[in-house]
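Engineer: Take a look at target_27.txt, compact mmCIF, C-alpha atoms:
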# COMPACT_ATOMS: atom_id res chain seq x y z
CA GLY C 4 -5.71 -73.47 16.48
CA GLY C 5 -7.37 -70.19 17.44
CA CYS C 6 -8.41 -68.07 20.40
CA VAL C 7 -10.26 -69.65 23.35
CA CYS C 8 -12.51 -66.59 23.59
CA CYS C 9 -14.04 -67.14 20.15
CA ASP C 10 -12.72 -69.79 17.71
CA THR C 11 -12.08 -72.60 20.18
CA LYS C 12 -14.63 -72.09 22.97
CA GLU C 13 -15.85 -75.68 22.71
CA ASP C 14 -12.28 -76.97 22.83
CA LEU C 15 -11.76 -75.01 26.03
CA SER C 16 -14.79 -76.63 27.65
CA TRP C 17 -13.63 -80.09 26.63
CA GLY C 18 -10.12 -79.30 27.86
CA ILE C 19 -11.41 -78.27 31.28
CA ALA C 20 -13.56 -81.40 31.44
CA GLN C 21 -10.55 -83.59 30.66
CA LEU C 22 -8.40 -81.94 33.34
CA VAL C 23 -11.14 -82.28 35.98
CA ARG C 24 -12.42 -85.76 35.16
CA ASP C 25 -9.29 -87.53 33.93
CA TYR C 26 -6.62 -85.85 36.02
CA GLY C 27 -8.55 -84.68 39.07
CA SER C 28 -7.30 -81.11 38.85
CA ASP C 29 -8.22 -78.97 41.86
CA VAL C 30 -7.28 -75.54 40.50
CA LEU C 31 -7.03 -74.37 36.89
CA ILE C 32 -5.38 -71.10 35.94
CA LEU C 33 -6.16 -69.80 32.47
CA GLU C 34 -3.80 -67.08 31.26
CA CYS C 35 -5.27 -64.88 28.55
CA SER C 36 -2.46 -63.08 26.77
CA GLY C 37 -2.63 -60.65 23.90
CA LEU C 38 -6.00 -59.25 22.87
CA ALA C 39 -8.22 -61.88 24.50
CA ASP C 40 -11.51 -60.36 25.68
CA PRO C 41 -11.94 -61.59 29.27
CA ALA C 42 -15.71 -61.27 29.04
CA GLU C 43 -15.74 -63.78 26.20
CA VAL C 44 -13.49 -66.17 28.13
CA ILE C 45 -15.79 -65.89 31.15
CA ASP C 46 -18.69 -66.70 28.85
CA ALA C 47 -16.85 -69.82 27.68
CA VAL C 48 -15.98 -71.19 31.11
CA THR C 49 -19.41 -70.53 32.65
CA ASP C 50 -21.52 -72.25 30.02
CA ALA C 51 -24.05 -74.87 31.09
CA TYR C 52 -21.65 -77.76 30.41
CA THR C 53 -18.49 -76.41 32.03
CA ALA C 54 -20.31 -74.99 35.06
CA ARG C 55 -21.20 -78.54 36.10
CA LEU C 56 -17.50 -79.38 36.42
CA ALA C 57 -15.73 -76.24 37.55
CA ARG C 58 -16.46 -72.96 39.30
CA LEU C 59 -14.98 -69.67 38.21
CA GLU C 60 -13.30 -68.30 41.33
CA ARG C 61 -11.98 -64.94 40.20
CA VAL C 62 -10.58 -62.85 37.38
CA ILE C 63 -7.16 -61.24 37.80
CA ALA C 64 -6.00 -58.31 35.65
CA LEU C 65 -2.41 -57.07 35.50
CA LEU C 66 -2.27 -53.45 34.32
CA HIS C 67 0.51 -51.02 33.59
CA PRO C 68 0.76 -47.53 32.08
CA VAL C 69 -1.04 -47.68 28.74
CA SER C 70 0.21 -45.72 25.75
CA THR C 71 -2.15 -43.08 24.44
CA GLU C 72 -1.39 -44.41 20.95
CA GLU C 73 -2.88 -47.85 21.60
CA SER C 74 -5.29 -49.25 19.04
CA HIS C 75 -9.05 -49.30 19.46
CA SER C 76 -8.92 -53.09 20.00
CA SER C 77 -6.28 -52.75 22.72
CA ALA C 78 -8.24 -50.02 24.47
CA TYR C 79 -11.42 -52.11 24.39
CA VAL C 80 -9.74 -55.21 25.81
CA THR C 81 -8.06 -53.14 28.53
CA THR C 82 -11.41 -51.66 29.52
CA GLN C 83 -12.99 -55.12 29.59
CA ALA C 84 -10.17 -56.47 31.76
CA ILE C 85 -10.64 -53.66 34.27
CA ARG C 86 -14.41 -54.11 34.41
CA CYS C 87 -14.31 -57.90 34.75
CA ALA C 88 -11.53 -58.16 37.31
CA ASP C 89 -11.92 -59.26 40.91
CA GLU C 90 -8.22 -58.56 41.52
CA LEU C 91 -6.58 -55.50 39.92
CA ILE C 92 -2.78 -55.48 39.93
CA LEU C 93 -1.36 -52.05 39.06
CA ASN C 94 2.22 -52.65 38.01
CA LYS C 95 5.34 -50.54 37.23
CA ARG C 96 4.73 -48.21 40.14
CA ASP C 97 8.46 -47.48 40.24
CA LEU C 98 8.28 -45.82 36.81
CA TYR C 99 5.68 -43.20 37.75
CA VAL C 100 6.61 -39.65 38.64
CA PRO C 101 4.94 -38.20 41.77
CA GLY C 102 1.28 -37.39 41.19
CA HIS C 103 0.85 -39.48 38.05
CA TRP C 104 0.45 -42.76 39.91
CA GLU C 105 -2.43 -41.39 41.99
CA GLY C 106 -4.21 -40.31 38.82
CA PHE C 107 -3.66 -43.71 37.21
CA ARG C 108 -5.02 -45.50 40.27
CA SER C 109 -8.06 -43.21 40.50
CA SER C 110 -8.92 -43.77 36.85
CA ILE C 111 -8.88 -47.55 37.39
CA LEU C 112 -11.01 -47.36 40.53
CA GLU C 113 -13.60 -45.24 38.73
CA GLN C 114 -14.09 -48.08 36.24
CA ASN C 115 -14.19 -50.83 38.87
CA PRO C 116 -14.64 -49.85 42.53
CA TYR C 117 -15.40 -53.45 43.56
CA ALA C 118 -12.13 -55.22 42.86
CA ARG C 119 -9.29 -55.63 45.35
CA LEU C 120 -6.38 -53.37 44.39
CA TRP C 121 -2.69 -54.30 44.43
CA GLU C 122 0.16 -51.87 43.67
CA THR C 123 3.42 -53.48 42.54
CA SER C 124 6.77 -52.98 40.86
CA HIS C 125 8.10 -55.77 38.62
CA ALA C 126 4.81 -57.60 39.44
CA ARG C 127 6.23 -58.72 42.79
CA LEU C 128 3.30 -60.11 44.72
CA ASP C 129 2.82 -63.01 47.10
CA ALA C 130 0.61 -65.57 45.33
CA ALA C 131 -0.89 -66.77 48.62
CA ASP C 132 -2.03 -63.24 49.43
CA LEU C 133 -3.44 -62.77 45.94
CA LEU C 134 -5.47 -65.98 46.12
CA SER C 135 -6.69 -65.41 49.67
CA PRO C 136 -10.37 -64.52 50.25
CA HIS C 137 -11.41 -60.90 50.49
CA PRO C 138 -11.67 -60.02 54.20
CA SER C 139 -15.06 -58.30 54.06
CA THR C 140 -16.50 -57.96 50.58
CA ARG C 141 -16.69 -61.63 49.62
CA PRO C 142 -19.66 -63.92 50.12
CA THR C 143 -19.06 -67.22 51.88
CA ALA C 144 -18.77 -69.08 48.58
CA LEU C 145 -15.74 -67.50 46.91
CA THR C 146 -16.88 -67.02 43.34
CA ASN C 147 -18.00 -64.32 40.97
CA VAL C 148 -20.45 -66.73 39.34
CA GLN C 149 -23.77 -66.85 41.17
CA PHE C 150 -25.98 -69.94 40.87
CA TYR C 151 -29.45 -68.91 41.96
CA LYS C 152 -31.83 -71.56 43.25
CA SER C 153 -35.04 -69.66 43.89
CA ALA C 154 -36.82 -66.44 43.05
CA ALA C 155 -36.38 -65.27 46.64
CA PHE C 156 -32.61 -65.72 46.42
CA LEU C 157 -32.46 -63.57 43.30
CA ARG C 158 -32.94 -60.50 45.49
CA GLN C 159 -29.80 -61.29 47.46
CA ARG C 160 -26.87 -59.67 45.69
CA ALA C 161 -23.22 -60.14 46.49
CA ALA C 162 -21.33 -57.20 47.91
CA TYR C 163 -19.06 -57.20 44.86
CA HIS C 164 -19.87 -57.30 41.16
CA PRO C 165 -21.18 -60.64 39.89
CA ILE C 166 -20.02 -61.25 36.34
CA ALA C 167 -22.03 -64.32 35.41
CA THR C 168 -25.36 -65.51 36.75
CA THR C 169 -26.96 -68.89 36.12
CA VAL C 170 -30.71 -69.17 36.70
CA PRO C 171 -32.22 -72.68 36.61
CA LEU C 172 -35.81 -72.61 35.34
CA PRO C 173 -38.56 -74.49 37.19
CA GLY C 174 -40.38 -75.42 33.99
CA PRO C 175 -41.43 -74.34 30.47
CA LEU C 176 -41.77 -70.61 29.76
CA ASN C 177 -44.73 -68.64 28.51
CA ARG C 178 -43.75 -67.56 24.98
CA GLN C 179 -45.53 -64.19 24.99
CA ARG C 180 -44.21 -63.21 28.40
CA PHE C 181 -40.66 -64.19 27.43
CA LEU C 182 -40.83 -62.21 24.19
CA ALA C 183 -42.08 -59.22 26.17
CA TRP C 184 -39.21 -59.63 28.65
CA ILE C 185 -36.63 -59.58 25.86
CA LYS C 186 -37.71 -56.04 25.00
CA THR C 187 -36.89 -54.90 28.53
CA ILE C 188 -33.29 -56.22 28.66
CA PRO C 189 -31.23 -53.44 30.28
CA LYS C 190 -28.23 -52.02 28.47
CA GLU C 191 -25.99 -53.16 31.33
CA LEU C 192 -26.56 -56.80 30.33
CA GLU C 193 -23.91 -57.61 27.74
CA ARG C 194 -24.41 -61.33 27.21
CA ALA C 195 -27.15 -63.89 27.82
CA LYS C 196 -27.70 -67.43 26.58
CA GLY C 197 -29.59 -70.52 27.55
CA TYR C 198 -31.81 -73.46 26.66
CA PHE C 199 -35.47 -73.91 27.56
CA ARG C 200 -38.86 -74.97 26.26
CA PHE C 201 -41.99 -72.95 25.74
CA ALA C 202 -45.21 -74.24 27.29
CA LYS C 203 -47.12 -76.58 24.96
CA GLU C 204 -44.19 -76.63 22.49
CA PRO C 205 -41.98 -79.75 22.39
CA GLU C 206 -38.90 -78.21 20.75
CA LEU C 207 -35.88 -77.26 22.84
CA GLN C 208 -35.16 -73.58 22.25
CA GLU C 209 -31.77 -71.88 22.16
CA PHE C 210 -31.61 -68.26 23.36
CA GLN C 211 -28.70 -65.98 22.44
CA TYR C 212 -28.15 -62.32 23.21
CA ALA C 213 -24.98 -60.25 22.79
CA LEU C 214 -24.44 -56.55 22.35
CA PRO C 215 -24.81 -54.78 20.00
CA GLY C 216 -27.04 -57.34 18.28
CA GLN C 217 -30.61 -58.43 18.91
CA ALA C 218 -31.75 -61.40 20.95
CA THR C 219 -32.48 -64.57 18.97
CA ILE C 220 -34.56 -67.64 19.77
CA SER C 221 -34.32 -70.72 17.57
CA PRO C 222 -35.51 -74.33 17.99
CA LEU C 223 -32.83 -77.00 18.08
CA THR C 224 -33.33 -79.71 15.48
Write out the structure in this file as structure tokens.
Structural biologist:
Amino acid sequence: GGCVCCDTKEDLSWGIAQLVRDYGSDVLILECSGLADPAEVIDAVTDAYTARLARLERVIALLHPVSTEESHSSAYVTTQAIRCADELILNKRDLYVPGHWEGFRSSILEQNPYARLWETSHARLDAADLLSPHPSTRPTALTNVQFYKSAAFLRQRAAYHPIATTVPLPGPLNRQRFLAWIKTIPKELERAKGYFRFAKEPELQEFQYALPGQATISPLT
């Protein structure tokens, strides 16, 4: 019926809810084949509804030598997969001639120096090792989704790259200050969304921001 990273995001949330609530699932593995943008899938599974039921543990990317003739869409999705991954599996090592593999590995690490790196042939890898915690770079709570509880905690950053951050608000926002903040959004922030109220305004507001567009705020009716 469509792709979970765009057309059927809501169906994905409901599907996760059904697996957790009705079947008591402990671990869910979502395989994104083809040209699925992992950043969009992360956005879907870390929304306000789904985050109450499940926690995104990690993103795993399986990479192999990429043809120089790949399409723009393929190149974009590959780049997104590298950037979003917590675990990078570099496959088909047996097909590389001496010297080329080192260059391939270096190019991946330049794009994401935070992920744990695996080098394989025929994707042979022990699943228990892959799913084990990082020995030194992981926080105590194994997740790349940070749920911040206070302004003081916001200054504490994980040793690896957080992909999604949820910030609960203590109360209504000042409209002018929020509008001023929108103008300072850094280019590194690719996606933001949320619901809140402005002080002295009863309507619930929906906030949406996604590159390369502009941020939007609209009251929910």
Engineer: Between atom CA of Pro205 of chain C and atom CA of Pro173 of chain C, what is the spacing in Å?
Structural biologist: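 Value for the atom CA of Pro173 of chain C-atom CA of Pro205 of chain C distance: 16.1 Å.
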Engineer: Excluding Arg96 of chain C and any residue of its chain fewer than 4 positions from it, enumerate the residues within 7 Å of it, using all atoms listed in the file, and give them as a PyMOL selection string.
Structural biologist: chain C and resi 104+122-124
Engineer: What does the distance from atom CA of Arg24 of chain C to atom CA of Leu56 of chain C come to in Å, to one decimal?
Structural biologist: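 One can read the atom CA of Arg24 of chain C to atom CA of Leu56 of chain C distance as 8.3 Å.
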Engineer: Mind checking which residues fall within 8 Å of Val80 of chain C, counting all atoms listed in the file, ignoring those fewer than 6 positions away in the same chain, and posting them as a PyMOL selection string?
Structural biologist: chain C and resi 38-41
Engineer: Considering all atoms listed in the file, return as a list in words whatever protein or nucleic-acid residues lie within 12 Å of Ile32 of chain C, sequence-local ones (same chain, fewer than 6 positions apart) excluded.
Structural biologist: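 Once the nearby chain positions are removed, what remains is Ile19, Leu22, Val48, Ala57, Arg58, Leu59, Glu60, Arg61, Val62, Ile63 and Leu134 of chain C.
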Engineer: Taking only C-alpha atoms into account, name the residue in C:Cys6, C:Ala126, C:Ile188, C:Ala47 that is nearest to Ala64 of chain C.
Structural biologist: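 Using only C-alpha atoms, Ala64 of chain C sits closest to C:Ala126.
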Engineer: Ranking C:Leu120, C:Ile111, C:Val7, C:Leu91 by minimum distance to Ser36 of chain C and counting only C-alpha atoms, which one comes first?
Structural biologist: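 Under the stated criterion, the closest residue is C:Val7.
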Engineer: Could you name the residues that touch Arg119 of chain C at 9 Å or less, counting all atoms listed in the file, but leaving out those on the same chain fewer than 3 positions away, as a list in words?
Structural biologist: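 Contacts, with the query itself left out: Ala88, Asp89, Glu90, Leu91, Ile92, Pro116 and His137 of chain C.
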Engineer: For His67 of chain C, which of C:Phe107, C:Tyr117, C:Phe201, C:Tyr79 is the closest residue, counting all atoms listed in the file?
Structural biologist: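 Once distances to His67 of chain C are computed over all atoms listed in the file, the minimum belongs to C:Phe107.
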Engineer: Using only C-alpha atoms, which of the listed residues (C:Ala54, C:Tyr212, C:Lys196, C:Cys87) sits closest to Ala20 of chain C?
Structural biologist: C:Ala54
